[in-house]
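Just query_37.cif here, mmCIF, C-alpha atoms:
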data_my_file
loop_
_atom_site.label_atom_id
_atom_site.label_comp_id
_atom_site.auth_asym_id
_atom_site.auth_seq_id
_atom_site.Cartn_x
_atom_site.Cartn_y
_atom_site.Cartn_z
CA MET A 539 -14.47 59.18 86.45
CA LYS A 540 -10.72 58.59 86.63
CA ARG A 541 -10.91 58.84 90.44
CA ILE A 542 -13.65 56.18 90.53
CA TYR A 543 -11.47 53.75 88.50
CA GLN A 544 -8.58 54.37 90.93
CA ILE A 545 -10.80 53.51 93.91
CA ILE A 546 -12.06 50.33 92.19
CA ILE A 547 -8.48 49.22 91.42
CA ILE A 548 -7.38 49.87 95.02
CA LEU A 549 -10.32 47.86 96.39
CA PHE A 550 -9.52 45.03 93.96
CA PHE A 551 -5.92 44.76 95.19
CA LEU A 552 -7.01 44.95 98.84
CA THR A 553 -9.47 42.06 98.45
CA SER A 554 -7.06 40.07 96.29
CA SER A 555 -4.35 40.36 98.94
CA ASN A 556 -6.60 38.65 101.47
CA CYS A 557 -7.85 35.73 99.42
CA SER A 558 -6.56 32.84 97.37
CA ASN A 559 -8.40 30.44 95.13
CA GLY A 560 -11.58 32.44 95.72
CA GLN A 561 -11.27 32.31 99.52
CA SER A 562 -12.19 35.23 101.71
CA LYS A 563 -10.21 36.09 104.82
CA GLN A 564 -12.81 34.33 107.00
CA GLU A 565 -12.74 31.22 104.82
CA CYS A 566 -8.98 31.18 105.09
CA LEU A 567 -9.20 31.43 108.89
CA ASP A 568 -11.72 28.59 108.90
CA MET A 569 -9.31 26.50 106.83
CA LEU A 570 -6.47 27.14 109.29
CA ASN A 571 -8.66 26.26 112.26
CA ASP A 572 -9.84 23.06 110.57
CA ASN A 573 -6.25 22.04 109.87
CA LEU A 574 -5.31 22.91 113.43
CA LEU A 575 -8.01 20.55 114.67
CA LEU A 576 -6.82 17.84 112.25
CA LEU A 577 -3.23 18.07 113.51
CA ASP A 578 -4.41 18.05 117.11
CA ASN A 579 -6.34 14.83 116.38
CA PHE A 580 -3.19 13.32 114.85
CA LEU A 581 -1.25 14.34 117.96
CA HIS A 582 -3.68 12.59 120.30
CA ALA A 583 -4.56 9.66 118.02
CA ASP A 584 -2.99 7.17 120.44
CA LYS A 585 -5.68 8.12 122.99
CA TYR A 586 -8.47 7.12 120.60
CA GLU A 587 -11.44 5.23 122.05
CA PRO A 588 -14.26 3.80 119.92
CA SER A 589 -17.66 5.24 120.71
CA ASP A 590 -19.80 2.67 118.90
CA LEU A 591 -18.10 -0.60 119.88
CA ARG A 592 -21.14 -1.68 121.89
CA ASP A 593 -23.38 -1.35 118.84
CA LEU A 594 -20.87 -3.25 116.70
CA ARG A 595 -20.74 -6.09 119.21
CA ALA A 596 -24.52 -6.35 119.36
CA ASN A 597 -24.60 -7.31 115.69
CA PHE A 598 -22.01 -10.08 116.15
CA SER A 599 -22.78 -11.27 119.67
CA ASP A 600 -23.43 -14.87 118.63
CA LEU A 601 -20.16 -15.32 116.70
CA GLN A 602 -17.61 -15.36 119.47
CA ASP A 603 -17.59 -19.13 120.03
CA LEU A 604 -17.94 -20.18 116.40
CA THR A 605 -14.26 -19.86 115.54
CA GLN A 606 -11.93 -22.19 117.38
CA ASN A 607 -8.36 -21.40 118.28
CA ASP A 608 -7.14 -22.09 114.76
CA SER A 609 -5.95 -19.48 112.28
CA LYS A 610 -5.79 -21.78 109.26
CA ILE A 611 -8.08 -20.88 106.40
CA ASP A 612 -10.47 -23.34 104.79
CA GLU A 613 -9.05 -23.11 101.29
CA SER A 614 -11.53 -25.72 99.99
CA TYR A 615 -14.31 -23.15 100.51
CA PHE A 616 -12.62 -20.60 98.24
CA PHE A 617 -11.06 -23.07 95.78
CA PRO A 618 -13.24 -26.20 95.49
CA LYS A 619 -11.87 -29.27 93.76
CA GLY A 620 -12.59 -29.38 90.06
CA TYR A 621 -11.29 -25.85 89.56
CA PRO A 622 -7.74 -25.41 88.17
CA PRO A 623 -5.10 -26.65 87.63
CA ILE A 624 -6.16 -26.10 84.05
CA THR A 625 -4.32 -27.77 81.21
CA LYS A 626 -4.55 -25.82 77.96
CA TYR A 627 -3.17 -27.04 74.66
CA VAL A 628 -1.80 -24.24 72.49
CA TYR A 629 -0.22 -25.90 69.48
CA PRO A 630 2.63 -26.75 69.71
CA ASN A 631 2.88 -26.20 73.48
CA THR A 632 0.97 -27.23 76.58
CA LEU A 633 0.12 -24.59 79.18
CA ILE A 634 -0.68 -25.71 82.72
CA GLU A 635 -2.00 -23.19 85.22
CA VAL A 636 -1.48 -24.14 88.84
CA ARG A 637 -3.07 -22.34 91.79
CA PHE A 638 -0.76 -22.83 94.74
CA ASP A 639 -3.36 -21.54 97.16
CA ARG A 640 -5.50 -24.60 96.36
CA PHE A 641 -3.10 -26.85 98.21
CA ASN A 642 -4.34 -28.38 101.41
CA ILE A 643 -2.26 -25.76 103.19
CA SER A 644 -3.22 -26.91 106.68
CA ASN A 645 -1.73 -30.35 106.09
CA ILE A 646 1.34 -29.04 104.28
CA LEU A 647 2.35 -26.50 106.88
CA GLY A 648 1.38 -28.42 109.98
CA ASP A 649 1.02 -26.93 113.44
CA GLY A 650 4.22 -24.92 113.09
CA TYR A 651 3.00 -22.87 110.12
CA ASN A 652 -0.60 -21.91 110.64
CA PHE A 653 -0.27 -18.37 109.26
CA THR A 654 -1.09 -19.53 105.77
CA LEU A 655 -0.83 -16.16 103.99
CA ASP A 656 2.87 -16.27 104.86
CA PHE A 657 3.10 -19.43 102.78
CA VAL A 658 1.31 -17.89 99.81
CA ASP A 659 3.41 -14.74 100.14
CA ASN A 660 6.55 -16.79 99.52
CA ILE A 661 5.18 -18.79 96.59
CA PRO A 662 6.42 -16.42 93.82
CA ASP A 663 10.00 -17.24 94.87
CA ALA A 664 9.42 -20.99 94.65
CA ILE A 665 11.56 -23.32 92.54
CA PHE A 666 9.13 -25.43 90.53
CA LYS A 667 9.93 -28.62 88.60
CA VAL A 668 7.81 -31.13 86.70
CA LYS A 669 9.07 -34.59 87.61
CA LYS A 670 6.85 -36.92 85.61
CA ILE A 671 4.04 -36.61 83.05
CA TYR A 672 1.30 -39.22 82.62
CA PHE A 673 -0.21 -38.97 79.13
CA LEU A 674 -3.73 -40.07 78.15
CA ASP A 675 -2.28 -42.57 75.67
CA GLY A 676 -0.73 -44.46 78.58
CA THR A 677 2.86 -43.35 78.07
CA ILE A 678 4.95 -41.73 80.78
CA GLU A 679 7.72 -39.18 80.54
CA GLY A 680 10.02 -38.66 83.52
CA GLY A 681 13.42 -37.47 84.67
CA GLU A 682 15.09 -34.10 84.97
CA ASP A 683 15.03 -33.48 81.20
CA ILE A 684 11.40 -32.39 81.07
CA SER A 685 11.48 -28.96 79.45
CA VAL A 686 9.49 -26.38 81.42
CA ASP A 687 9.45 -22.61 81.07
CA LYS A 688 8.19 -21.04 84.28
CA ILE A 689 5.91 -18.02 84.01
CA ILE A 690 4.71 -16.22 87.12
CA SER A 691 1.15 -15.07 86.60
CA PRO A 692 0.12 -11.59 87.80
CA HIS A 693 -2.78 -13.21 89.64
CA PHE A 694 -2.54 -13.93 93.34
CA GLY A 695 -1.12 -17.36 94.01
CA HIS A 696 -1.10 -18.50 90.37
CA GLN A 697 1.73 -19.87 88.28
CA THR A 698 1.65 -21.01 84.67
CA LEU A 699 3.92 -23.70 83.25
CA VAL A 700 4.66 -24.12 79.55
CA LEU A 701 5.59 -27.64 78.47
CA LYS A 702 6.83 -28.39 74.98
CA GLY A 703 4.60 -30.89 73.20
CA THR A 704 0.92 -31.34 72.54
CA LYS A 705 -0.01 -34.84 73.72
CA PRO A 706 -3.00 -34.69 76.09
CA ILE A 707 -2.00 -35.15 79.71
CA LYS A 708 -3.85 -37.15 82.35
CA SER A 709 -1.78 -35.88 85.29
CA PHE A 710 1.73 -34.84 86.24
CA ASP A 711 4.02 -35.02 89.28
CA TYR A 712 5.77 -31.85 90.31
CA SER A 713 7.95 -30.58 93.11
CA MET A 714 8.20 -27.17 94.69
CA GLU A 715 10.81 -25.67 96.97
CA THR A 716 10.20 -22.44 98.83
CA ASN A 717 11.29 -20.41 101.83
CA LEU A 718 8.81 -20.01 104.66
CA SER A 719 9.22 -17.16 107.11
CA LYS A 720 9.07 -18.12 110.78
CA GLU A 721 5.93 -17.22 112.69
CA ILE A 722 6.58 -15.76 116.15
CA ILE A 723 3.77 -15.14 118.64
CA TYR A 724 4.07 -12.42 121.29
CA GLU A 725 1.47 -12.41 124.04
CA ILE A 726 0.21 -8.94 124.91
CA SER A 727 0.31 -8.22 128.63
CA THR A 728 -0.67 -4.56 128.97
CA ALA A 729 -0.99 -1.21 127.23
CA GLY A 730 2.35 0.54 126.97
CA GLN A 731 4.13 -2.73 126.23
CA THR A 732 6.94 -2.55 123.65
CA ILE A 733 7.92 -5.53 121.50
CA GLN A 734 11.21 -5.51 119.61
CA THR A 735 11.29 -7.52 116.37
CA SER A 736 13.72 -7.92 113.49
CA ALA A 737 11.43 -5.74 111.33
CA GLY A 738 10.89 -2.94 113.85
CA GLN A 739 9.23 -2.03 117.12
CA ILE A 740 5.62 -2.80 118.02
CA GLU A 741 4.03 -0.53 120.63
CA ILE A 742 0.85 -1.66 122.39
CA VAL A 743 -1.22 1.53 122.62
CA HIS A 744 -4.48 0.02 123.92
CA TYR A 745 -5.28 -3.42 125.35
CA GLY A 746 -8.70 -4.47 126.59
CA ASN A 747 -12.33 -3.35 126.39
CA GLY A 748 -12.86 -5.41 123.26
CA TYR A 749 -10.13 -3.99 121.06
CA VAL A 750 -6.36 -3.89 120.62
CA ARG A 751 -4.52 -0.93 119.12
CA VAL A 752 -0.84 -1.08 118.19
CA LYS A 753 1.61 1.34 116.65
CA VAL A 754 4.10 -0.08 114.15
CA PRO A 755 6.43 1.08 111.37
CA GLU A 756 4.49 1.35 108.10
CA SER A 757 6.71 -1.37 106.62
CA MET A 758 5.31 -3.86 109.16
CA ARG A 759 1.70 -3.40 108.04
CA HIS A 760 1.62 -6.79 106.28
CA VAL A 761 3.83 -8.85 108.59
CA ILE A 762 1.75 -8.82 111.79
CA LYS A 763 -1.79 -9.67 112.78
CA ILE A 764 -3.65 -9.39 116.10
CA GLU A 765 -5.60 -12.28 117.61
CA ALA A 766 -7.68 -12.58 120.78
CA GLU A 767 -9.16 -15.51 122.74
CA ASN A 768 -11.90 -15.88 125.31
CA ALA A 769 -11.60 -17.76 128.61
CA GLN A 770 -12.29 -21.09 126.85
CA GLY A 771 -9.35 -20.58 124.47
CA HIS A 772 -11.57 -19.95 121.46
CA LYS A 773 -10.41 -17.41 118.93
CA LEU A 774 -12.74 -14.39 118.95
CA SER A 775 -14.28 -13.11 115.74
CA LYS A 776 -13.42 -9.59 114.63
CA VAL A 777 -16.18 -7.09 114.08
CA MET A 778 -13.99 -4.47 112.43
CA SER A 779 -10.39 -3.64 111.56
CA GLY A 780 -8.85 -0.23 111.12
CA ASN A 781 -5.60 1.50 110.36
CA GLY A 782 -4.63 5.14 110.47
CA ALA A 783 -1.57 7.27 110.04
CA ALA A 784 0.58 7.78 113.13
CA TYR A 785 2.80 10.86 112.90
CA LYS A 786 5.58 11.67 115.33
CA SER A 787 4.84 14.46 117.80
CA GLU A 788 8.10 16.23 116.89
CA TYR A 789 6.64 16.70 113.38
CA LEU A 790 3.19 17.76 114.56
CA ARG A 791 3.98 20.23 117.36
CA PRO A 792 5.96 22.69 115.17
CA TYR A 793 3.12 22.62 112.60
CA ILE A 794 0.53 23.33 115.29
CA ALA A 795 2.58 26.25 116.65
CA ALA A 796 3.12 27.64 113.14
CA ILE A 797 -0.60 27.48 112.26
CA LYS A 798 -1.56 29.21 115.53
CA ASN A 799 0.93 31.95 114.69
CA ALA A 800 -0.44 32.20 111.13
CA ILE A 801 -3.99 32.64 112.48
CA THR A 802 -2.83 35.54 114.66
CA GLN A 803 -0.90 37.15 111.80
CA LEU A 804 -3.81 36.75 109.37
CA GLU A 805 -6.25 38.28 111.85
CA ASN A 806 -3.90 41.28 112.22
CA ASP A 807 -3.35 41.51 108.43
CA LYS A 808 0.37 40.80 108.78
CA ILE A 809 0.18 38.02 106.19
CA THR A 810 -2.14 37.52 103.24
CA CYS A 811 -4.58 34.69 102.76
CA ALA A 812 -2.50 33.55 99.79
CA GLU A 813 0.59 33.22 101.99
CA ALA A 814 -1.31 31.26 104.61
CA TYR A 815 -2.86 29.00 101.97
CA ASN A 816 0.47 28.27 100.26
CA LYS A 817 2.05 27.20 103.55
CA PHE A 818 -0.79 25.57 105.47
CA SER A 819 -3.37 24.17 103.08
CA TYR A 820 -4.57 20.63 103.83
CA GLU A 821 -2.81 19.34 100.70
CA GLN A 822 0.50 20.95 101.71
CA ILE A 823 0.35 19.59 105.27
CA ILE A 824 -0.57 16.04 104.31
CA ALA A 825 2.03 15.88 101.52
CA ASP A 826 4.72 17.08 103.93
CA LEU A 827 3.69 14.66 106.69
CA GLN A 828 3.56 11.71 104.31
CA ARG A 829 7.16 12.38 103.36
CA LYS A 830 8.04 12.02 107.04
CA GLU A 831 5.57 9.31 108.02
CA ASN A 832 7.07 6.01 109.15
CA SER A 833 4.41 4.44 111.33
CA LEU A 834 0.68 3.79 111.66
CA PHE A 835 -1.95 2.54 114.08
CA LEU A 836 -3.43 -0.92 113.50
CA THR A 837 -6.61 -1.72 115.41
CA GLU A 838 -8.67 -4.90 115.73
CA TYR A 839 -12.15 -4.82 117.29
CA PHE A 840 -13.49 -8.11 118.72
CA VAL A 841 -16.99 -9.36 119.50
CA SER A 842 -16.38 -9.18 123.25
CA ASP A 843 -13.78 -8.51 125.89
CA PHE A 844 -11.07 -11.14 125.77
CA LYS A 845 -8.99 -13.22 128.11
CA LYS A 846 -5.81 -13.16 126.04
CA ALA A 847 -4.51 -11.31 123.00
CA SER A 848 -1.42 -11.95 120.90
CA ILE A 849 0.63 -10.41 118.11
CA VAL A 850 1.49 -12.88 115.35
CA PHE A 851 4.64 -11.76 113.53
CA TRP A 852 6.28 -13.16 110.38
CA ASP A 853 10.01 -13.02 110.91
CA LYS A 854 11.41 -12.83 107.40
CA THR A 855 14.98 -13.04 108.74
CA GLN A 856 14.27 -16.58 109.95
CA VAL A 857 13.22 -18.93 107.18
CA ASP A 858 12.87 -22.65 106.61
CA ARG A 859 13.52 -24.23 103.25
CA LYS A 860 10.56 -26.47 102.41
CA HIS A 861 10.21 -29.08 99.68
CA TYR A 862 6.87 -30.47 98.53
CA LEU A 863 5.90 -33.21 96.05
CA ARG A 864 2.45 -33.20 94.44
CA ASN A 865 0.45 -34.78 91.65
CA SER A 866 -1.99 -32.62 89.68
CA VAL A 867 -4.91 -34.92 90.51
CA ASP A 868 -4.57 -33.71 94.12
CA GLN A 869 -6.18 -30.50 92.91
CA SER A 870 -8.78 -31.89 90.51
CA ASP A 871 -11.96 -33.96 90.70
CA GLY A 872 -10.83 -35.73 87.53
CA VAL A 873 -13.79 -34.63 85.38
CA PRO A 874 -11.77 -33.02 82.53
CA GLU A 875 -9.31 -35.90 82.47
CA THR A 876 -12.14 -38.47 82.42
CA PHE A 877 -13.93 -36.63 79.61
CA TYR A 878 -10.81 -36.46 77.45
CA GLU A 879 -9.98 -40.07 78.25
CA ARG A 880 -13.45 -41.17 77.02
CA CYS A 881 -13.22 -39.35 73.71
CA ALA A 882 -9.43 -39.90 73.34
CA CYS A 883 -9.06 -36.24 72.42
CA ALA A 884 -8.64 -32.72 73.84
CA VAL A 885 -9.49 -29.15 72.84
CA ALA A 886 -6.48 -27.25 71.52
CA GLN A 887 -5.79 -23.76 70.17
CA ASP A 888 -3.67 -22.93 67.16
CA LYS A 889 -1.00 -20.46 68.22
CA LYS A 890 -0.91 -18.64 64.86
CA THR A 891 -4.60 -18.25 64.05
CA GLU A 892 -5.84 -18.42 67.70
CA LEU A 893 -8.65 -20.68 66.47
CA PHE A 894 -9.68 -23.84 68.35
CA GLY A 895 -9.86 -27.43 67.21
CA ILE A 896 -9.43 -30.95 68.63
CA ILE A 897 -6.25 -33.01 68.92
CA GLY A 898 -5.90 -36.76 69.41
CA LEU A 899 -3.85 -38.69 71.94
CA ASP A 900 -0.75 -38.29 69.75
CA GLY A 901 -1.11 -34.50 69.79
CA ASN A 902 -2.00 -34.13 66.11
CA TRP A 903 -5.10 -32.33 64.79
CA ILE A 904 -8.25 -34.42 64.45
CA ILE A 905 -10.58 -31.46 63.94
CA ALA A 906 -8.74 -28.60 62.28
CA PRO A 907 -8.70 -25.28 64.20
CA SER A 908 -11.80 -23.51 62.87
CA PHE A 909 -13.70 -22.36 65.98
CA LEU A 910 -13.58 -18.96 67.67
CA LYS A 911 -14.60 -20.78 70.87
CA LEU A 912 -14.69 -24.48 71.69
CA THR A 913 -15.27 -25.98 75.13
CA PRO A 914 -16.22 -29.43 76.40
CA ASN A 915 -19.54 -29.89 78.23
CA TRP A 916 -18.05 -31.90 81.07
CA GLY A 917 -21.34 -33.42 82.20
CA ASN A 918 -22.28 -34.78 78.76
CA LYS A 919 -20.50 -37.62 77.05
CA ASN A 920 -18.74 -36.57 73.85
CA LEU A 921 -20.49 -33.16 73.73
CA PHE A 922 -18.76 -29.90 72.91
CA ARG A 923 -19.99 -26.33 72.59
CA GLY A 924 -18.37 -24.19 69.93
CA GLN A 925 -18.69 -21.06 67.83
CA PRO A 926 -17.47 -21.54 64.24
CA SER A 927 -15.26 -18.76 62.91
CA ASP A 928 -17.90 -17.79 60.34
CA GLU A 929 -20.87 -17.85 62.74
CA GLU A 930 -22.30 -15.32 65.19
CA LYS A 931 -23.49 -17.81 67.81
CA SER A 932 -22.47 -21.08 69.47
CA TYR A 933 -23.84 -24.58 68.93
CA GLU A 934 -23.60 -27.94 70.63
CA TYR A 935 -21.63 -30.65 68.83
CA ARG A 936 -21.37 -34.39 69.28
CA TYR A 937 -17.95 -35.95 68.74
CA ASP A 938 -17.80 -39.34 66.97
CA LYS A 939 -14.77 -41.14 68.38
CA GLU A 940 -14.68 -43.74 65.60
CA LYS A 941 -15.18 -41.36 62.66
CA LYS A 942 -13.26 -38.56 64.46
CA SER A 943 -15.79 -35.98 63.42
CA LEU A 944 -17.98 -33.28 64.97
CA THR A 945 -21.72 -33.16 64.22
CA LYS A 946 -23.81 -30.07 64.98
CA MET A 947 -26.70 -30.94 67.31
#
With the file now loaded, output its structure as structure tokens.
Amino acid sequence: MKRIYQIIIILFFLTSSNCSNGQSKQECLDMLNDNLLLLDNFLHADKYEPSDLRDLRANFSDLQDLTQNDSKIDESYFFPKGYPPITKYVYPNTLIEVRFDRFNISNILGDGYNFTLDFVDNIPDAIFKVKKIYFLDGTIEGGEDISVDKIISPHFGHQTLVLKGTKPIKSFDYSMETNLSKEIIYEISTAGQTIQTSAGQIEIVHYGNGYVRVKVPESMRHVIKIEAENAQGHKLSKVMSGNGAAYKSEYLRPYIAAIKNAITQLENDKITCAEAYNKFSYEQIIADLQRKENSLFLTEYFVSDFKKASIVFWDKTQVDRKHYLRNSVDQSDGVPETFYERCACAVAQDKKTELFGIIGLDGNWIIAPSFLKLTPNWGNKNLFRGQPSDEEKSYEYRYDKEKKSLTKM
């Protein structure tokens, strides 16, 4: 019996020495071969050719002439008038939320600045000042003494201003100064072309056959874009975009040689599966490569072959200081202001209790803060919808301007 236990223990150690994490020797060899194939694909990634580009184009064949040679976005589609800026009254302060990306960016930037995301990207560094406030009671406050605390919102393109005071506002003038990075356009002439920029080198890996593939430092991912035009000068629509890691061959070749050697050693039982796994698992390889990675492939696939392609690059070392003047009505259809002007009042929130009420043109409470929610129904004259603090549902209310009272409908 003792001899049987000894044999079982010996067999246990033999099998344990050739596996890790439940892997058999064959599974470990399969893992090494899979990783070898992965590294080989990384090594030859610059020779990539899409196999299904024809099918992609077929689905978008009628789009190529729809987009003209103009890279400006139609911000009115995403941010229609009547949306913010929102003026909120939180007693005793006024909060105004401005969405910079609702500017008519095309007109502001002009032909020299058509890469509009560059503009938005610089907005958080803007110097913002309120120049003049037009109150609903007809009074005006102006000059450099207007007290404004600037708060940058975590939301894309938003900024919130806090003004001291509670008087309802009809509109306000404000200025904004910001730096705009220069946009430089490099025309692509052939595959193998190298473009030197202030942010790093751009290598043209593939040019033609409906797609462009470039290799750039990872840090340049968000400062370039690829555009293509047909023979008529129309910008071609993109059917797909892609990016993938680009690792240097001097990192990959030693790994490939080491894995080939590990396969031979494992087959001849010169190393254990555990040793191979600890050195050459997928997780180990990727983690090591990512520590060394400094470039990637960016690829744009277009609806057809193109006549001309270009790299658009934001040069952040070359900037223009820009100054803009705006009035808040530029971003509004006037409905909230008209509603408040009719009832000579505005919804406000008490900072301490967080309950809502209504203030008059002088900024004092007309309806004490007693609602969990209170919003104007913009399309209905003198109508509000509110949920009292002691109720479970909301009701419609009519506001009597003369009696300064709310009546439940």
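Atom to atom, atom CA of Tyr672 of chain A and atom CA of Thr698 of chain A stand 18.3 Å apart.
Near Gly676 of chain A, within 10 Å and counting only C-alpha atoms, sit Tyr672, Ile707, Lys708 and Leu899 of chain A; same-chain residues fewer than 4 positions away were not included.
For the residues A:Glu741, A:Glu679, A:Ala796, A:Leu863, ranking by smallest atom-to-atom distance to Ile726 of chain A using all atoms listed in the file places A:Glu741 first.
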- request: Give me the residues within 9 Å of Tyr629 of chain A as a list of chain:residue names, counting only C-alpha atoms and dropping any in the same chain fewer than 4 places off.
  value: A:Gly703, A:Thr704, A:Ala886, A:Gln887, A:Asp888, A:Lys889, A:Lys890, A:Gly901
field: Nearest to Asn832 of chain A by atom-to-atom distance, counting all atoms listed in the file, from A:Leu774, A:Ala783, A:Leu893, A:Leu574
entry: A:Ala783
field: Residue nearest Lys705 of chain A - candidates A:Glu788, A:Asp675, A:Glu821, A:Glu725, atoms counted: only C-alpha atoms
entry: A:Asp675
